[in-house]
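Data file: upload36.txt. Format and content: compact mmCIF, C-alpha atoms.
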```txt
# COMPACT_ATOMS: atom_id res chain seq x y z
CA MET A 1080 109.67 85.40 181.63
CA THR A 1081 107.11 83.27 183.49
CA LEU A 1082 104.93 86.32 184.22
CA SER A 1083 104.90 87.16 180.53
CA SER A 1084 104.04 83.52 179.82
CA PHE A 1085 101.17 83.65 182.32
CA PHE A 1086 99.51 86.71 180.77
CA GLY A 1087 100.20 85.53 177.22
CA ASN A 1088 98.62 82.16 177.91
CA ALA A 1089 95.66 83.77 179.69
CA PHE A 1090 94.94 86.13 176.80
CA MET A 1091 95.33 83.33 174.27
CA ALA A 1092 92.99 80.97 176.11
CA TYR A 1093 90.30 83.37 177.27
CA GLY A 1094 90.76 86.70 175.49
CA PRO A 1095 88.62 86.00 172.39
CA ALA A 1096 85.83 84.34 174.37
CA LEU A 1097 85.70 87.11 176.98
CA SER A 1098 85.59 89.69 174.18
CA VAL A 1099 82.61 87.93 172.63
CA PHE A 1100 80.96 87.71 176.04
CA LEU A 1101 81.36 91.44 176.71
CA LEU A 1102 80.20 92.44 173.23
CA CYS A 1103 77.34 90.00 172.68
CA VAL A 1104 76.17 88.72 176.07
CA ALA A 1105 76.98 91.01 178.98
CA GLU A 1106 74.71 93.87 177.86
CA ASN A 1107 71.60 91.67 177.88
CA ALA A 1108 70.32 90.23 181.18
CA GLN A 1109 68.45 87.41 179.41
CA MET A 1110 71.60 86.33 177.60
CA VAL A 1111 73.60 86.39 180.84
CA ILE A 1112 71.02 84.10 182.48
CA LEU A 1113 71.21 81.68 179.55
CA PHE A 1114 74.99 81.83 179.66
CA MET A 1115 75.07 80.96 183.36
CA THR A 1116 72.45 78.22 182.91
CA SER A 1117 74.48 76.40 180.27
CA ALA A 1118 77.64 76.78 182.35
CA PHE A 1119 75.74 75.16 185.24
CA PHE A 1120 74.65 72.24 183.04
CA TRP A 1121 78.27 71.70 182.00
CA LEU A 1122 79.39 71.70 185.63
CA ILE A 1123 76.74 69.14 186.52
CA SER A 1124 77.88 66.86 183.69
CA ILE A 1125 81.49 67.07 184.84
CA LEU A 1126 80.47 66.48 188.46
CA VAL A 1127 78.70 63.27 187.48
CA SER A 1128 81.68 62.29 185.33
CA SER A 1129 84.03 62.90 188.27
CA ILE A 1130 81.89 60.74 190.56
CA ILE A 1131 81.97 57.90 188.03
CA TRP A 1132 85.73 58.36 187.64
CA TYR A 1133 86.19 58.16 191.41
CA ILE A 1134 84.00 55.06 191.82
CA ILE A 1135 85.39 53.08 188.87
CA LYS A 1136 89.08 52.78 189.79
CA PRO A 1137 90.36 51.41 186.42
CA MET A 1138 89.22 54.63 184.73
CA GLN A 1139 91.74 56.60 186.77
CA THR A 1140 94.62 55.09 184.80
CA VAL A 1141 92.96 55.08 181.35
CA PRO A 1142 92.59 58.63 179.96
CA ALA A 1143 90.63 57.38 176.93
CA ALA A 1144 87.93 55.91 179.19
CA THR A 1145 87.70 59.16 181.12
CA ILE A 1146 87.31 61.11 177.88
CA PHE A 1147 84.64 58.70 176.63
CA VAL A 1148 82.48 59.10 179.74
CA GLY A 1149 83.13 62.84 180.03
CA VAL A 1150 82.13 63.62 176.45
CA LEU A 1151 79.03 61.43 176.70
CA LEU A 1152 77.82 63.24 179.83
CA GLN A 1153 78.62 66.67 178.37
CA GLU A 1154 76.45 65.87 175.36
CA CYS A 1155 73.68 64.70 177.67
CA GLY A 1156 73.98 68.07 179.39
CA ARG A 1157 73.73 69.78 176.01
CA TYR A 1158 70.48 67.97 175.27
CA LEU A 1159 69.05 68.79 178.69
CA SER A 1160 69.89 72.45 178.15
CA PHE A 1161 67.98 72.29 174.85
CA ARG A 1162 64.94 70.77 176.55
CA LEU A 1163 65.00 73.56 179.11
CA MET A 1164 65.47 76.13 176.37
CA SER A 1165 62.51 74.79 174.39
CA LYS A 1166 60.28 75.20 177.45
CA ALA A 1167 61.55 78.70 178.27
CA GLU A 1168 61.66 79.94 174.67
CA ARG A 1169 58.17 81.45 174.61
CA GLY A 1170 58.78 83.47 177.76
CA LEU A 1171 62.17 84.65 176.53
CA ASN A 1172 60.68 85.80 173.23
CA ILE A 1173 57.89 87.72 174.96
CA VAL A 1174 60.34 89.93 176.84
CA ALA A 1175 62.84 90.14 173.95
CA LYS A 1176 63.33 93.39 172.04
CA LYS A 1177 62.26 91.60 168.85
CA PRO A 1178 59.91 88.76 169.90
CA ASN A 1179 59.38 87.48 166.35
CA SER A 1180 62.95 87.73 165.13
CA PRO A 1181 64.18 84.56 163.38
CA LEU A 1182 67.58 85.27 164.95
CA ASN A 1183 66.34 84.53 168.46
CA ARG A 1184 66.88 80.77 168.29
CA PRO A 1185 70.40 80.96 166.81
CA ARG A 1186 71.29 83.66 169.34
CA HIS A 1187 70.08 81.54 172.24
CA ALA A 1188 71.98 78.49 170.96
CA PHE A 1189 75.11 80.61 170.51
CA VAL A 1190 75.00 81.99 174.05
CA LEU A 1191 74.28 78.59 175.59
CA GLY A 1192 77.19 77.09 173.68
CA LEU A 1193 79.50 79.91 174.71
CA GLY A 1194 78.56 79.34 178.34
CA MET A 1195 79.39 75.64 178.11
CA GLY A 1196 82.62 76.36 176.28
CA LEU A 1197 83.88 79.06 178.60
CA MET A 1198 83.08 77.04 181.70
CA SER A 1199 84.85 74.08 180.12
CA GLY A 1200 87.87 76.27 179.42
CA LEU A 1201 87.96 77.76 182.91
CA THR A 1202 87.67 74.39 184.63
CA SER A 1203 90.19 72.54 182.50
CA TYR A 1204 92.86 75.20 182.02
CA LEU A 1205 92.91 77.46 185.09
CA PRO A 1206 95.03 75.01 187.15
CA GLN A 1207 97.57 74.84 184.32
CA LEU A 1208 97.49 78.61 183.92
CA ALA A 1209 98.34 79.02 187.60
CA GLU A 1210 101.29 76.63 187.17
CA SER A 1211 102.56 78.68 184.21
CA ALA A 1212 103.33 81.54 186.61
CA GLY A 1213 105.90 79.35 188.35
CA PRO A 1214 109.69 79.64 188.16
CA ALA A 1215 110.09 77.55 184.98
CA VAL A 1216 108.43 76.47 181.75
CA LEU A 1217 107.42 72.90 180.90
CA PRO A 1218 108.32 71.62 177.40
CA CYS A 1219 105.72 69.62 175.52
CA SER A 1220 106.76 65.96 175.16
CA SER A 1221 105.49 65.68 171.58
CA CYS A 1222 106.77 69.12 170.56
CA PRO A 1223 109.89 69.76 172.68
CA GLY A 1224 110.37 73.24 171.26
CA ALA A 1225 106.96 74.38 172.53
CA ASP A 1226 105.71 75.21 176.01
CA VAL A 1227 102.98 72.81 177.14
CA PHE A 1228 101.09 75.68 178.80
CA PHE A 1229 100.93 77.58 175.51
CA ILE A 1230 99.76 74.48 173.60
CA SER A 1231 97.04 73.99 176.22
CA ALA A 1232 96.03 77.65 175.91
CA ILE A 1233 95.52 77.24 172.15
CA THR A 1234 93.53 74.04 172.75
CA THR A 1235 91.37 75.79 175.35
CA PHE A 1236 90.63 78.67 172.98
CA LEU A 1237 89.62 76.22 170.24
CA PHE A 1238 87.41 74.12 172.51
CA ILE A 1239 85.51 77.17 173.78
CA PHE A 1240 84.41 78.03 170.26
CA LEU A 1241 83.97 74.39 169.30
CA HIS A 1242 81.34 74.10 172.04
CA THR A 1243 79.67 77.22 170.67
CA ALA A 1244 79.54 75.84 167.12
CA TRP A 1245 78.49 72.37 168.30
CA ASN A 1246 75.64 73.89 170.26
CA MET A 1247 74.33 75.86 167.30
CA VAL A 1248 74.46 72.82 165.01
CA ALA A 1249 72.83 70.48 167.54
CA PHE A 1250 70.07 72.96 168.44
CA GLU A 1251 69.25 73.66 164.80
CA GLY A 1252 68.88 69.92 164.23
CA TRP A 1253 66.66 69.44 167.26
CA TYR A 1254 64.44 72.36 166.27
CA ARG A 1255 63.97 70.58 162.92
CA ARG A 1256 63.40 67.26 164.73
CA GLN A 1257 66.55 65.83 163.16
CA TRP A 1258 69.12 63.82 165.11
CA LEU A 1259 71.84 63.54 162.46
CA PRO A 1260 73.37 66.96 163.32
CA PHE A 1261 73.66 65.90 166.96
CA VAL A 1262 75.30 62.62 165.96
CA LEU A 1263 77.84 64.61 163.94
CA VAL A 1264 78.42 66.86 166.95
CA VAL A 1265 79.07 63.85 169.20
CA VAL A 1266 81.49 62.32 166.67
CA SER A 1267 83.30 65.64 166.32
CA HIS A 1268 83.47 66.09 170.09
CA TYR A 1269 85.01 62.65 170.51
CA ALA A 1270 87.47 63.29 167.66
CA ALA A 1271 88.64 66.60 169.12
CA SER A 1272 88.82 65.22 172.67
CA PHE A 1273 90.69 62.05 171.78
CA GLY A 1274 92.93 64.17 169.58
CA THR A 1275 94.23 65.96 172.67
CA LEU A 1276 95.92 62.68 173.66
CA PHE A 1277 98.50 63.38 170.94
CA THR A 1278 99.84 66.36 172.90
CA PRO A 1279 101.30 64.49 175.92
CA SER A 1280 102.38 61.56 173.74
CA THR A 1281 105.85 60.84 172.34
CA ILE A 1282 104.61 61.03 168.74
CA ASN A 1283 106.65 63.52 166.75
CA ASN A 1284 104.68 66.80 166.37
CA GLY A 1285 101.77 65.31 168.28
CA CYS A 1286 100.70 68.73 169.52
CA VAL A 1287 100.44 69.92 165.91
CA ILE A 1288 98.20 66.96 165.08
CA SER A 1289 96.01 67.70 168.11
CA ILE A 1290 95.59 71.37 167.23
CA ALA A 1291 95.00 70.55 163.56
CA ILE A 1292 92.15 68.18 164.47
CA CYS A 1293 90.51 70.93 166.55
CA VAL A 1294 90.97 73.56 163.83
CA VAL A 1295 89.48 71.34 161.12
CA ASN A 1296 86.50 70.56 163.35
CA LEU A 1297 86.02 74.23 164.17
CA VAL A 1298 86.08 75.27 160.51
CA ILE A 1299 83.59 72.56 159.52
CA PHE A 1300 81.14 73.15 162.34
CA SER A 1301 81.38 76.93 162.14
CA GLY A 1302 80.30 76.60 158.52
CA LEU A 1303 77.46 74.25 159.48
CA ALA A 1304 76.38 76.62 162.26
CA MET A 1305 76.34 79.64 159.95
CA GLN A 1306 74.62 77.95 157.03
CA PRO A 1307 71.03 78.23 158.35
CA LEU A 1308 71.54 81.95 159.05
CA PHE A 1309 71.98 82.68 155.35
CA HIS A 1310 68.43 81.48 154.70
CA LEU A 1311 66.77 83.60 157.38
CA LYS A 1312 64.64 86.57 156.43
CA VAL A 1313 65.43 89.31 158.93
CA SER A 1314 63.18 92.37 158.94
```
So, in terms of structure tokens, how does the structure I just supplied come out?
Amino acid sequence: MTLSSFFGNAFMAYGPALSVFLLCVAENAQMVILFMTSAFFWLISILVSSIIWYIIKPMQTVPAATIFVGVLLQECGRYLSFRLMSKAERGLNIVAKKPNSPLNRPRHAFVLGLGMGLMSGLTSYLPQLAESAGPAVLPCSSCPGADVFFISAITTFLFIFLHTAWNMVAFEGWYRRQWLPFVLVVVSHYAASFGTLFTPSTINNGCVISIAICVVNLVIFSGLAMQPLFHLKVS
């Protein structure tokens, strides 16, 4: 039973993202480099967040404070990845198959977001996934009929693609020299992250509330990310 749970949780959390990676990223060396670069930026942001968490002792007992600092630093990492992308864009377009394609910028933003999301998912969920292979299951406190490892797998899957959508929206705004899209991304990131606090709570159906917040955010920001693509003229 626990082995089935392990593979089920693994496929739920990482299956869709790995499929997208293999289909859209792995075949292109440039995209793989961008993917790894954004993953590195995410790791740096979490490293800094961990150092702050270790130094400031009160944060270690206040999950909300940890989330606040973590999200802030992740968004700083997103902006730094954009600055690097804006400097490398000309070189990437020169060696691209279609240097003048209007899809290059959205594609780069998509891959960078996927890298951040997948690294986020691997770092946050792999320890739990390893525990799910143990001799028992752990019921969710807010949804006693559900396995906490499965709820976390769904949350991981959603956050991977949330990072992808957030990246596309933020990058599109920065390319247009607009900061409002990034502000919306930050607000959404905080909403989804703080929403995860419902899962370990004693609120009835808290895990459902947490997942619903992530789903609503994903639907909204996927629409915002796709909207500019409908106005592109692709030859």
| Of the candidates A:Phe1240, A:Trp1253, A:Tyr1269, A:Phe1228, which one gets nearest to Ser1084 of chain A if we count all atoms listed in the file? |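 Looking at the shortest contact to Ser1084 of chain A, the residue is A:Phe1228.
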Might you pull out every residue within 8 Å of Trp1121 of chain A, with all atoms listed in the file counted and same-chain residues fewer than 3 positions away left off, and present them as a PDB file with C-alpha atoms, keeping the file's coordinate frame?
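Writing done, so here's part-v4.pdb:
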```
ATOM      1  CA  SER A1117      74.480  76.400 180.270  1.00  0.00           C
ATOM      2  CA  ALA A1118      77.640  76.780 182.350  1.00  0.00           C
ATOM      3  CA  SER A1124      77.880  66.860 183.690  1.00  0.00           C
ATOM      4  CA  ILE A1125      81.490  67.070 184.840  1.00  0.00           C
ATOM      5  CA  GLN A1153      78.620  66.670 178.370  1.00  0.00           C
ATOM      6  CA  GLY A1156      73.980  68.070 179.390  1.00  0.00           C
ATOM      7  CA  ARG A1157      73.730  69.780 176.010  1.00  0.00           C
ATOM      8  CA  MET A1195      79.390  75.640 178.110  1.00  0.00           C
ATOM      9  CA  MET A1198      83.080  77.040 181.700  1.00  0.00           C
ATOM     10  CA  SER A1199      84.850  74.080 180.120  1.00  0.00           C
TER      11      SER A1199
END
```
| Among listed residues A:Ile1123, A:Ala1249, A:Met1115, A:Leu1237, nearest Arg1162 of chain A (using only C-alpha atoms) |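 Once distances to Arg1162 of chain A are computed over only C-alpha atoms, the minimum belongs to A:Ala1249.
Closest to Leu1122 of chain A among A:Gly1196, A:Tyr1158, A:Ser1180, A:Ile1146 is A:Gly1196, based on all atoms listed in the file.
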| task | Considering all atoms listed in the file, state which residue in the set A:Thr1275, A:Ser1160, A:Thr1081, A:Ser1129 is at the smallest distance from Thr1234 of chain A. | result | A:Thr1275
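With all atoms listed in the file as the basis for measurement, A:Phe1300 is the residue among A:Phe1300, A:Phe1277, A:Phe1120, A:Tyr1093 that approaches Val1265 of chain A most closely.
The residue that comes closest to Phe1147 of chain A, out of A:Ile1282, A:Ile1290, A:Val1266, A:Leu1102 and on the basis of only C-alpha atoms, is A:Val1266.
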| query | Interatomic distance between atom CA of Ile1131 of chain A and atom CA of Met1247 of chain A? | reply |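 Going from atom CA of Ile1131 of chain A over to atom CA of Met1247 of chain A, I get 28.5 Å.
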| message | List the spatial neighbours of Ile1288 of chain A as number ranges by chain - criterion: any atom at most 10 Å away, all atoms listed in the file, same-chain residues fewer than 5 positions off excluded. | response | A: 1221, 1274-1278, 1282-1283, 1293-1294
| task | Report the distance between atom CA of Asn1172 of chain A and atom CA of Val1111 of chain A in Å, rounded to one decimal place. | result |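 Straight-line distance from atom CA of Asn1172 of chain A to atom CA of Val1111 of chain A works out to 15.0 Å.
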| message | Set the distance at 12 Å and use all atoms listed in the file: which residues neighbour Met1110 of chain A once local chain neighbours fewer than 2 positions away are removed? I'd like the list as a VMD selection string. | response | chain A and resid 1100 to 1108 1112 to 1117 1164 1171 to 1172 1174 to 1175 1183 to 1184 1186 to 1194
| task | For atom CA of Ile1239 of chain A and atom CA of Ala1089 of chain A, determine how far apart the two atoms are, in Å to one decimal place. | result |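 Between these atoms lies a distance of 13.5 Å.
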Output requested as an mmCIF file, in the frame of the given file - segment 1188-1212 of chain A, filled out with N, CA, C and O atoms.
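And here is the file that came out, rebuild04.cif:
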```cif
data_model
loop_
_atom_site.group_PDB
_atom_site.id
_atom_site.type_symbol
_atom_site.label_atom_id
_atom_site.label_comp_id
_atom_site.auth_asym_id
_atom_site.auth_seq_id
_atom_site.Cartn_x
_atom_site.Cartn_y
_atom_site.Cartn_z
ATOM 1 N N ALA A 1188 71.081 79.642 171.082
ATOM 2 C CA ALA A 1188 71.980 78.490 170.960
ATOM 3 C C ALA A 1188 73.436 78.930 171.063
ATOM 4 O O ALA A 1188 74.265 78.252 171.687
ATOM 5 N N PHE A 1189 73.744 80.082 170.465
ATOM 6 C CA PHE A 1189 75.110 80.610 170.510
ATOM 7 C C PHE A 1189 75.531 80.917 171.945
ATOM 8 O O PHE A 1189 76.618 80.526 172.388
ATOM 9 N N VAL A 1190 74.669 81.595 172.672
ATOM 10 C CA VAL A 1190 75.000 81.990 174.050
ATOM 11 C C VAL A 1190 75.115 80.766 174.950
ATOM 12 O O VAL A 1190 76.032 80.677 175.785
ATOM 13 N N LEU A 1191 74.205 79.818 174.791
ATOM 14 C CA LEU A 1191 74.280 78.590 175.590
ATOM 15 C C LEU A 1191 75.563 77.825 175.304
ATOM 16 O O LEU A 1191 76.210 77.301 176.221
ATOM 17 N N GLY A 1192 75.954 77.764 174.039
ATOM 18 C CA GLY A 1192 77.190 77.090 173.680
ATOM 19 C C GLY A 1192 78.419 77.806 174.223
ATOM 20 O O GLY A 1192 79.371 77.172 174.680
ATOM 21 N N LEU A 1193 78.384 79.138 174.176
ATOM 22 C CA LEU A 1193 79.500 79.910 174.710
ATOM 23 C C LEU A 1193 79.645 79.698 176.214
ATOM 24 O O LEU A 1193 80.760 79.603 176.732
ATOM 25 N N GLY A 1194 78.513 79.592 176.909
ATOM 26 C CA GLY A 1194 78.560 79.340 178.340
ATOM 27 C C GLY A 1194 79.181 77.992 178.661
ATOM 28 O O GLY A 1194 80.029 77.877 179.563
ATOM 29 N N MET A 1195 78.798 76.961 177.898
ATOM 30 C CA MET A 1195 79.390 75.640 178.110
ATOM 31 C C MET A 1195 80.878 75.668 177.802
ATOM 32 O O MET A 1195 81.699 75.120 178.535
ATOM 33 N N GLY A 1196 81.225 76.334 176.689
ATOM 34 C CA GLY A 1196 82.620 76.360 176.280
ATOM 35 C C GLY A 1196 83.511 77.106 177.247
ATOM 36 O O GLY A 1196 84.608 76.636 177.589
ATOM 37 N N LEU A 1197 83.047 78.266 177.698
ATOM 38 C CA LEU A 1197 83.880 79.060 178.600
ATOM 39 C C LEU A 1197 84.027 78.381 179.956
ATOM 40 O O LEU A 1197 85.115 78.390 180.550
ATOM 41 N N MET A 1198 82.961 77.765 180.443
ATOM 42 C CA MET A 1198 83.080 77.040 181.700
ATOM 43 C C MET A 1198 84.011 75.841 181.547
ATOM 44 O O MET A 1198 84.813 75.535 182.445
ATOM 45 N N SER A 1199 83.932 75.177 180.406
ATOM 46 C CA SER A 1199 84.850 74.080 180.120
ATOM 47 C C SER A 1199 86.296 74.566 180.124
ATOM 48 O O SER A 1199 87.185 73.939 180.712
ATOM 49 N N GLY A 1200 86.519 75.716 179.472
ATOM 50 C CA GLY A 1200 87.870 76.270 179.420
ATOM 51 C C GLY A 1200 88.392 76.690 180.777
ATOM 52 O O GLY A 1200 89.555 76.443 181.117
ATOM 53 N N LEU A 1201 87.542 77.309 181.571
ATOM 54 C CA LEU A 1201 87.960 77.760 182.910
ATOM 55 C C LEU A 1201 88.300 76.570 183.798
ATOM 56 O O LEU A 1201 89.298 76.573 184.521
ATOM 57 N N THR A 1202 87.471 75.543 183.748
ATOM 58 C CA THR A 1202 87.670 74.390 184.630
ATOM 59 C C THR A 1202 88.906 73.583 184.237
ATOM 60 O O THR A 1202 89.670 73.138 185.107
ATOM 61 N N SER A 1203 89.108 73.421 182.948
ATOM 62 C CA SER A 1203 90.190 72.540 182.500
ATOM 63 C C SER A 1203 91.548 73.232 182.472
ATOM 64 O O SER A 1203 92.585 72.577 182.667
ATOM 65 N N TYR A 1204 91.567 74.552 182.248
ATOM 66 C CA TYR A 1204 92.860 75.200 182.020
ATOM 67 C C TYR A 1204 93.346 76.088 183.167
ATOM 68 O O TYR A 1204 94.555 76.322 183.292
ATOM 69 N N LEU A 1205 92.463 76.569 184.015
ATOM 70 C CA LEU A 1205 92.910 77.460 185.090
ATOM 71 C C LEU A 1205 94.012 76.858 185.971
ATOM 72 O O LEU A 1205 94.967 77.567 186.327
ATOM 73 N N PRO A 1206 93.919 75.571 186.356
ATOM 74 C CA PRO A 1206 95.030 75.010 187.150
ATOM 75 C C PRO A 1206 96.364 75.060 186.414
ATOM 76 O O PRO A 1206 97.403 75.364 187.011
ATOM 77 N N GLN A 1207 96.343 74.769 185.113
ATOM 78 C CA GLN A 1207 97.570 74.840 184.320
ATOM 79 C C GLN A 1207 98.061 76.276 184.206
ATOM 80 O O GLN A 1207 99.274 76.539 184.261
ATOM 81 N N LEU A 1208 97.119 77.201 184.040
ATOM 82 C CA LEU A 1208 97.490 78.610 183.920
ATOM 83 C C LEU A 1208 98.191 79.086 185.193
ATOM 84 O O LEU A 1208 99.177 79.834 185.130
ATOM 85 N N ALA A 1209 97.706 78.655 186.338
ATOM 86 C CA ALA A 1209 98.340 79.020 187.600
ATOM 87 C C ALA A 1209 99.765 78.471 187.672
ATOM 88 O O ALA A 1209 100.690 79.137 188.164
ATOM 89 N N GLU A 1210 99.957 77.245 187.171
ATOM 90 C CA GLU A 1210 101.290 76.630 187.170
ATOM 91 C C GLU A 1210 102.242 77.385 186.247
ATOM 92 O O GLU A 1210 103.451 77.426 186.481
ATOM 93 N N SER A 1211 101.701 77.992 185.171
ATOM 94 C CA SER A 1211 102.560 78.680 184.210
ATOM 95 C C SER A 1211 103.213 79.923 184.800
ATOM 96 O O SER A 1211 104.158 80.471 184.218
ATOM 97 N N ALA A 1212 102.724 80.383 185.946
ATOM 98 C CA ALA A 1212 103.330 81.540 186.610
ATOM 99 C C ALA A 1212 104.486 81.134 187.515
ATOM 100 O O ALA A 1212 105.072 81.973 188.184
#
```
